[in-house]
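Participant: Can you read through this structure? Questions will come right after.
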Amino acid sequence: MLNNIFNFPGINKLSPLKYQPVPEPARELKFNVSHPNVIYDLAVSIRNIVQTATTDGYELVVLCIGTDRSTGDALGPLTGTKLKMLNLFPHIYGTLDEPVHATNLESRLASINTSFSHPFVIAVDACLGKLENVGCVTLGHGAVKPGAAVNKDLPAVGNAYITGIVNVGGFVNVGGFMEHMVLQSTRLNLVMKMADTIAHSISFGLGRNHNS
């Protein structure tokens, strides 16, 4: 579910999920998917988050948000599908077969809260940003606000987030019309490349922790 990097929530903002860990110092890392070492660099950073969460007794959940009905917003379910093919980690929500989007996000969050005593959610989502940042992946602590780019009022999600900047945003318009148009014109090639990068990075980052 597309969020707008111009309206990005504070990276220490807590999600509505229960049993939140003590927030770490605010930081956000950015990775360009065209860089030759991007998967390794992103995986190392993800592993640091995973190890901290599992060591503290939290149960890791990967929540990939978005819909395959829009090219730009398909980053989440594409990533979830690819990740399930790469890694045996069982707690992945949001795939092409079972996407997590605006109409079922709250019920999925409720299900996670019911299924896990101490969930630590890594939220994966697409976002819009500045032209020079298109093709970059950001990793940070805190929650994302799905649907912000298209004026949808959805709950903030995640203890950590991975977002892919799939196209240009920040338009002055009513009802998110321009953002919807931008999503429909986003190149599938870029979205697929970003989904591959994120899925492989998460898989490597989970490593030996995939059964935690």
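Residue numbering restarts at 1 for every chain of the structure tokens, chains are lettered A, B, ... in their displayed order, and ligands are numbered from 1 as they appear.
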For Ile46 in chain A, list every protein, DNA or RNA residue within 10 Å, evaluated using only C-alpha atoms, and leave out those in the same chain fewer than 4 positions away; present the list as a list of chain:residue names.

Facilitator: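 Close residues of Ile46 in chain A: A:Tyr40, A:Asp41, A:Leu42, A:Val50, A:Gln51, A:Ile122, A:Leu139, A:Gly140, A:Ala160, A:Tyr161, A:Ile162, A:Ser201, A:Ile202, A:Ser203, A:Phe204, A:Gly205, A:Leu206.
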
Participant: Taking the backbone alone, and naming residues the way the document does, which bits of range 29-181 of chain A are strand (DSSP E or B) by DSSP, as a ChimeraX atom specification?

Facilitator: /A:29-32,59-65,92-93,100,119-129,136-141,144,157,160-168

Participant: For a quick check of understanding, using only C-alpha atoms, which of A:Asp56, A:Asp125, A:Glu179, A:Glu28 has the smallest distance to Thr79 in chain A?

Facilitator: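 Distance minimum relative to Thr79 in chain A lands on A:Asp125.
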
Participant: I need the residues of range 37-185 of chain A that end up classed as alpha helix (DSSP H) by DSSP on the backbone, written out as a PDB file with N, CA and C atoms, in the first residue's frame.

Facilitator:
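Result saved to states-v4.pdb:
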ATOM      1  N   VAL A  38      24.317  -4.020  -3.363  1.00  0.00           N
ATOM      2  CA  VAL A  38      23.124  -3.600  -2.630  1.00  0.00           C
ATOM      3  C   VAL A  38      22.519  -4.736  -1.804  1.00  0.00           C
ATOM      4  N   ILE A  39      22.455  -5.946  -2.333  1.00  0.00           N
ATOM      5  CA  ILE A  39      21.835  -7.046  -1.593  1.00  0.00           C
ATOM      6  C   ILE A  39      22.637  -7.359  -0.333  1.00  0.00           C
ATOM      7  N   TYR A  40      23.945  -7.419  -0.469  1.00  0.00           N
ATOM      8  CA  TYR A  40      24.788  -7.684   0.701  1.00  0.00           C
ATOM      9  C   TYR A  40      24.633  -6.577   1.743  1.00  0.00           C
ATOM     10  N   ASP A  41      24.729  -5.325   1.304  1.00  0.00           N
ATOM     11  CA  ASP A  41      24.662  -4.206   2.247  1.00  0.00           C
ATOM     12  C   ASP A  41      23.313  -4.154   2.965  1.00  0.00           C
ATOM     13  N   LEU A  42      22.237  -4.331   2.216  1.00  0.00           N
ATOM     14  CA  LEU A  42      20.911  -4.313   2.814  1.00  0.00           C
ATOM     15  C   LEU A  42      20.713  -5.510   3.735  1.00  0.00           C
ATOM     16  N   ALA A  43      21.199  -6.677   3.328  1.00  0.00           N
ATOM     17  CA  ALA A  43      21.052  -7.893   4.138  1.00  0.00           C
ATOM     18  C   ALA A  43      21.755  -7.749   5.484  1.00  0.00           C
ATOM     19  N   VAL A  44      22.953  -7.168   5.488  1.00  0.00           N
ATOM     20  CA  VAL A  44      23.692  -6.976   6.736  1.00  0.00           C
ATOM     21  C   VAL A  44      22.904  -6.077   7.691  1.00  0.00           C
ATOM     22  N   SER A  45      22.327  -5.019   7.166  1.00  0.00           N
ATOM     23  CA  SER A  45      21.547  -4.105   8.003  1.00  0.00           C
ATOM     24  C   SER A  45      20.273  -4.766   8.519  1.00  0.00           C
ATOM     25  N   ILE A  46      19.626  -5.559   7.672  1.00  0.00           N
ATOM     26  CA  ILE A  46      18.430  -6.289   8.102  1.00  0.00           C
ATOM     27  C   ILE A  46      18.794  -7.302   9.181  1.00  0.00           C
ATOM     28  N   ARG A  47      19.917  -7.985   9.006  1.00  0.00           N
ATOM     29  CA  ARG A  47      20.334  -8.984   9.995  1.00  0.00           C
ATOM     30  C   ARG A  47      20.556  -8.345  11.358  1.00  0.00           C
ATOM     31  N   ASN A  48      21.098  -7.146  11.400  1.00  0.00           N
ATOM     32  CA  ASN A  48      21.287  -6.461  12.683  1.00  0.00           C
ATOM     33  C   ASN A  48      19.953  -6.253  13.392  1.00  0.00           C
ATOM     34  N   ILE A  49      18.922  -5.863  12.619  1.00  0.00           N
ATOM     35  CA  ILE A  49      17.588  -5.676  13.197  1.00  0.00           C
ATOM     36  C   ILE A  49      17.014  -7.008  13.663  1.00  0.00           C
ATOM     37  N   VAL A  50      17.153  -8.031  12.821  1.00  0.00           N
ATOM     38  CA  VAL A  50      16.620  -9.362  13.140  1.00  0.00           C
ATOM     39  C   VAL A  50      17.268  -9.922  14.401  1.00  0.00           C
ATOM     40  N   GLN A  51      18.582  -9.833  14.490  1.00  0.00           N
ATOM     41  CA  GLN A  51      19.282 -10.384  15.642  1.00  0.00           C
ATOM     42  C   GLN A  51      18.894  -9.671  16.934  1.00  0.00           C
ATOM     43  N   THR A  52      18.756  -8.361  16.858  1.00  0.00           N
ATOM     44  CA  THR A  52      18.347  -7.613  18.050  1.00  0.00           C
ATOM     45  C   THR A  52      16.948  -8.016  18.498  1.00  0.00           C
ATOM     46  N   ALA A  53      16.022  -8.129  17.542  1.00  0.00           N
ATOM     47  CA  ALA A  53      14.637  -8.475  17.868  1.00  0.00           C
ATOM     48  C   ALA A  53      14.524  -9.875  18.447  1.00  0.00           C
ATOM     49  N   THR A  54      15.186 -10.851  17.813  1.00  0.00           N
ATOM     50  CA  THR A  54      15.074 -12.231  18.277  1.00  0.00           C
ATOM     51  C   THR A  54      15.800 -12.439  19.600  1.00  0.00           C
ATOM     52  N   THR A  55      16.917 -11.756  19.775  1.00  0.00           N
ATOM     53  CA  THR A  55      17.636 -11.849  21.050  1.00  0.00           C
ATOM     54  C   THR A  55      16.793 -11.318  22.194  1.00  0.00           C
ATOM     55  N   LEU A  75       4.822  -3.786  -5.406  1.00  0.00           N
ATOM     56  CA  LEU A  75       6.122  -4.113  -4.823  1.00  0.00           C
ATOM     57  C   LEU A  75       5.981  -5.035  -3.614  1.00  0.00           C
ATOM     58  N   GLY A  76       5.040  -4.742  -2.716  1.00  0.00           N
ATOM     59  CA  GLY A  76       4.865  -5.549  -1.515  1.00  0.00           C
ATOM     60  C   GLY A  76       4.529  -7.001  -1.814  1.00  0.00           C
ATOM     61  N   PRO A  77       3.413  -7.270  -2.520  1.00  0.00           N
ATOM     62  CA  PRO A  77       3.055  -8.670  -2.791  1.00  0.00           C
ATOM     63  C   PRO A  77       4.064  -9.402  -3.660  1.00  0.00           C
ATOM     64  N   LEU A  78       4.738  -8.708  -4.577  1.00  0.00           N
ATOM     65  CA  LEU A  78       5.796  -9.344  -5.352  1.00  0.00           C
ATOM     66  C   LEU A  78       6.946  -9.768  -4.441  1.00  0.00           C
ATOM     67  N   THR A  79       7.306  -8.896  -3.518  1.00  0.00           N
ATOM     68  CA  THR A  79       8.381  -9.213  -2.571  1.00  0.00           C
ATOM     69  C   THR A  79       7.991 -10.394  -1.696  1.00  0.00           C
ATOM     70  N   GLY A  80       6.751 -10.391  -1.188  1.00  0.00           N
ATOM     71  CA  GLY A  80       6.295 -11.488  -0.346  1.00  0.00           C
ATOM     72  C   GLY A  80       6.316 -12.812  -1.069  1.00  0.00           C
ATOM     73  N   THR A  81       5.888 -12.826  -2.324  1.00  0.00           N
ATOM     74  CA  THR A  81       5.881 -14.053  -3.119  1.00  0.00           C
ATOM     75  C   THR A  81       7.290 -14.555  -3.374  1.00  0.00           C
ATOM     76  N   LYS A  82       8.184 -13.650  -3.755  1.00  0.00           N
ATOM     77  CA  LYS A  82       9.568 -14.031  -4.007  1.00  0.00           C
ATOM     78  C   LYS A  82      10.243 -14.519  -2.729  1.00  0.00           C
ATOM     79  N   LEU A  83       9.952 -13.871  -1.611  1.00  0.00           N
ATOM     80  CA  LEU A  83      10.564 -14.256  -0.337  1.00  0.00           C
ATOM     81  C   LEU A  83      10.122 -15.658   0.079  1.00  0.00           C
ATOM     82  N   LYS A  84       8.859 -15.976  -0.139  1.00  0.00           N
ATOM     83  CA  LYS A  84       8.373 -17.318   0.200  1.00  0.00           C
ATOM     84  C   LYS A  84       9.057 -18.394  -0.642  1.00  0.00           C
ATOM     85  N   MET A  85       9.443 -18.044  -1.852  1.00  0.00           N
ATOM     86  CA  MET A  85      10.139 -18.996  -2.718  1.00  0.00           C
ATOM     87  C   MET A  85      11.599 -19.160  -2.313  1.00  0.00           C
ATOM     88  N   LEU A  86      12.165 -18.134  -1.682  1.00  0.00           N
ATOM     89  CA  LEU A  86      13.576 -18.144  -1.327  1.00  0.00           C
ATOM     90  C   LEU A  86      13.848 -18.696   0.056  1.00  0.00           C
ATOM     91  N   LEU A 105      -6.089  -4.759   5.691  1.00  0.00           N
ATOM     92  CA  LEU A 105      -4.915  -4.486   6.518  1.00  0.00           C
ATOM     93  C   LEU A 105      -5.230  -4.588   8.008  1.00  0.00           C
ATOM     94  N   GLU A 106      -6.317  -3.982   8.433  1.00  0.00           N
ATOM     95  CA  GLU A 106      -6.637  -3.985   9.864  1.00  0.00           C
ATOM     96  C   GLU A 106      -6.928  -5.394  10.368  1.00  0.00           C
ATOM     97  N   SER A 107      -7.589  -6.213   9.565  1.00  0.00           N
ATOM     98  CA  SER A 107      -7.863  -7.584   9.990  1.00  0.00           C
ATOM     99  C   SER A 107      -6.578  -8.405  10.051  1.00  0.00           C
ATOM    100  N   ARG A 108      -5.622  -8.132   9.154  1.00  0.00           N
ATOM    101  CA  ARG A 108      -4.336  -8.836   9.195  1.00  0.00           C
ATOM    102  C   ARG A 108      -3.555  -8.430  10.441  1.00  0.00           C
ATOM    103  N   LEU A 109      -3.603  -7.173  10.801  1.00  0.00           N
ATOM    104  CA  LEU A 109      -2.933  -6.720  12.014  1.00  0.00           C
ATOM    105  C   LEU A 109      -3.548  -7.383  13.243  1.00  0.00           C
ATOM    106  N   ALA A 110      -4.862  -7.484  13.251  1.00  0.00           N
ATOM    107  CA  ALA A 110      -5.544  -8.147  14.367  1.00  0.00           C
ATOM    108  C   ALA A 110      -5.142  -9.611  14.438  1.00  0.00           C
ATOM    109  N   SER A 111      -5.015 -10.262  13.284  1.00  0.00           N
ATOM    110  CA  SER A 111      -4.609 -11.661  13.240  1.00  0.00           C
ATOM    111  C   SER A 111      -3.194 -11.839  13.776  1.00  0.00           C
ATOM    112  N   ILE A 112      -2.304 -10.922  13.420  1.00  0.00           N
ATOM    113  CA  ILE A 112      -0.926 -10.989  13.915  1.00  0.00           C
ATOM    114  C   ILE A 112      -0.900 -10.834  15.433  1.00  0.00           C
ATOM    115  N   ASN A 113      -1.670  -9.890  15.938  1.00  0.00           N
ATOM    116  CA  ASN A 113      -1.733  -9.679  17.382  1.00  0.00           C
ATOM    117  C   ASN A 113      -2.275 -10.896  18.115  1.00  0.00           C
ATOM    118  N   THR A 114      -3.192 -11.612  17.468  1.00  0.00           N
ATOM    119  CA  THR A 114      -3.770 -12.807  18.080  1.00  0.00           C
ATOM    120  C   THR A 114      -2.813 -13.997  18.010  1.00  0.00           C
ATOM    121  N   SER A 115      -2.072 -14.083  16.914  1.00  0.00           N
ATOM    122  CA  SER A 115      -1.228 -15.251  16.662  1.00  0.00           C
ATOM    123  C   SER A 115       0.121 -15.198  17.370  1.00  0.00           C
ATOM    124  N   PHE A 177      -5.264  11.817  -6.883  1.00  0.00           N
ATOM    125  CA  PHE A 177      -5.479  11.424  -8.280  1.00  0.00           C
ATOM    126  C   PHE A 177      -4.169  11.274  -9.031  1.00  0.00           C
ATOM    127  N   MET A 178      -3.266  12.257  -8.881  1.00  0.00           N
ATOM    128  CA  MET A 178      -2.007  12.212  -9.612  1.00  0.00           C
ATOM    129  C   MET A 178      -1.163  11.014  -9.180  1.00  0.00           C
ATOM    130  N   GLU A 179      -1.192  10.719  -7.870  1.00  0.00           N
ATOM    131  CA  GLU A 179      -0.425   9.580  -7.389  1.00  0.00           C
ATOM    132  C   GLU A 179      -0.943   8.272  -7.973  1.00  0.00           C
ATOM    133  N   HIS A 180      -2.275   8.157  -8.096  1.00  0.00           N
ATOM    134  CA  HIS A 180      -2.845   6.973  -8.736  1.00  0.00           C
ATOM    135  C   HIS A 180      -2.354   6.849 -10.176  1.00  0.00           C
ATOM    136  N   MET A 181      -2.306   7.967 -10.890  1.00  0.00           N
ATOM    137  CA  MET A 181      -1.835   7.955 -12.273  1.00  0.00           C
ATOM    138  C   MET A 181      -0.368   7.558 -12.347  1.00  0.00           C
ATOM    139  N   VAL A 182       0.433   8.077 -11.414  1.00  0.00           N
ATOM    140  CA  VAL A 182       1.857   7.748 -11.388  1.00  0.00           C
ATOM    141  C   VAL A 182       2.058   6.260 -11.134  1.00  0.00           C
ATOM    142  N   LEU A 183       1.263   5.694 -10.230  1.00  0.00           N
ATOM    143  CA  LEU A 183       1.378   4.266  -9.938  1.00  0.00           C
ATOM    144  C   LEU A 183       1.097   3.426 -11.176  1.00  0.00           C
ATOM    145  N   GLN A 184       0.088   3.838 -11.934  1.00  0.00           N
ATOM    146  CA  GLN A 184      -0.289   3.065 -13.116  1.00  0.00           C
ATOM    147  C   GLN A 184       0.773   3.149 -14.208  1.00  0.00           C
TER     148      GLN A 184
END

Participant: Rank nothing, just name the residue among A:Gly66, A:Gly207, A:Gly142, A:Gly72 nearest to Pro99 in chain A, using only C-alpha atoms.

Facilitator: A:Gly66

Participant: Work out how far apart CA of Ala156 in chain A and CA of Gly129 in chain A are and give it in Å to one decimal.

Facilitator: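 We find that CA of Ala156 in chain A and CA of Gly129 in chain A lie 18.5 Å from each other.
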
Participant: Can you work out which one of A:Thr71, A:Asn159, A:Thr103, A:Asn167 has the shortest atom-to-atom distance to Glu132 in chain A, counting only C-alpha atoms?

Facilitator: A:Asn167

Participant: Report, in Å with one decimal, the straight-line distance from CA of Val137 in chain A to CA of Val157 in chain A.

Facilitator: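 About the pair CA of Val137 in chain A and CA of Val157 in chain A: they are 17.4 Å apart.
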
Participant: Counting only C-alpha atoms, which of A:Asn104, A:Thr163, A:Ser117, A:Asn189 gets nearest to Val144 in chain A?

Facilitator: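 Of A:Asn104, A:Thr163, A:Ser117, A:Asn189, the one nearest Val144 in chain A is A:Thr163, counting only C-alpha atoms.
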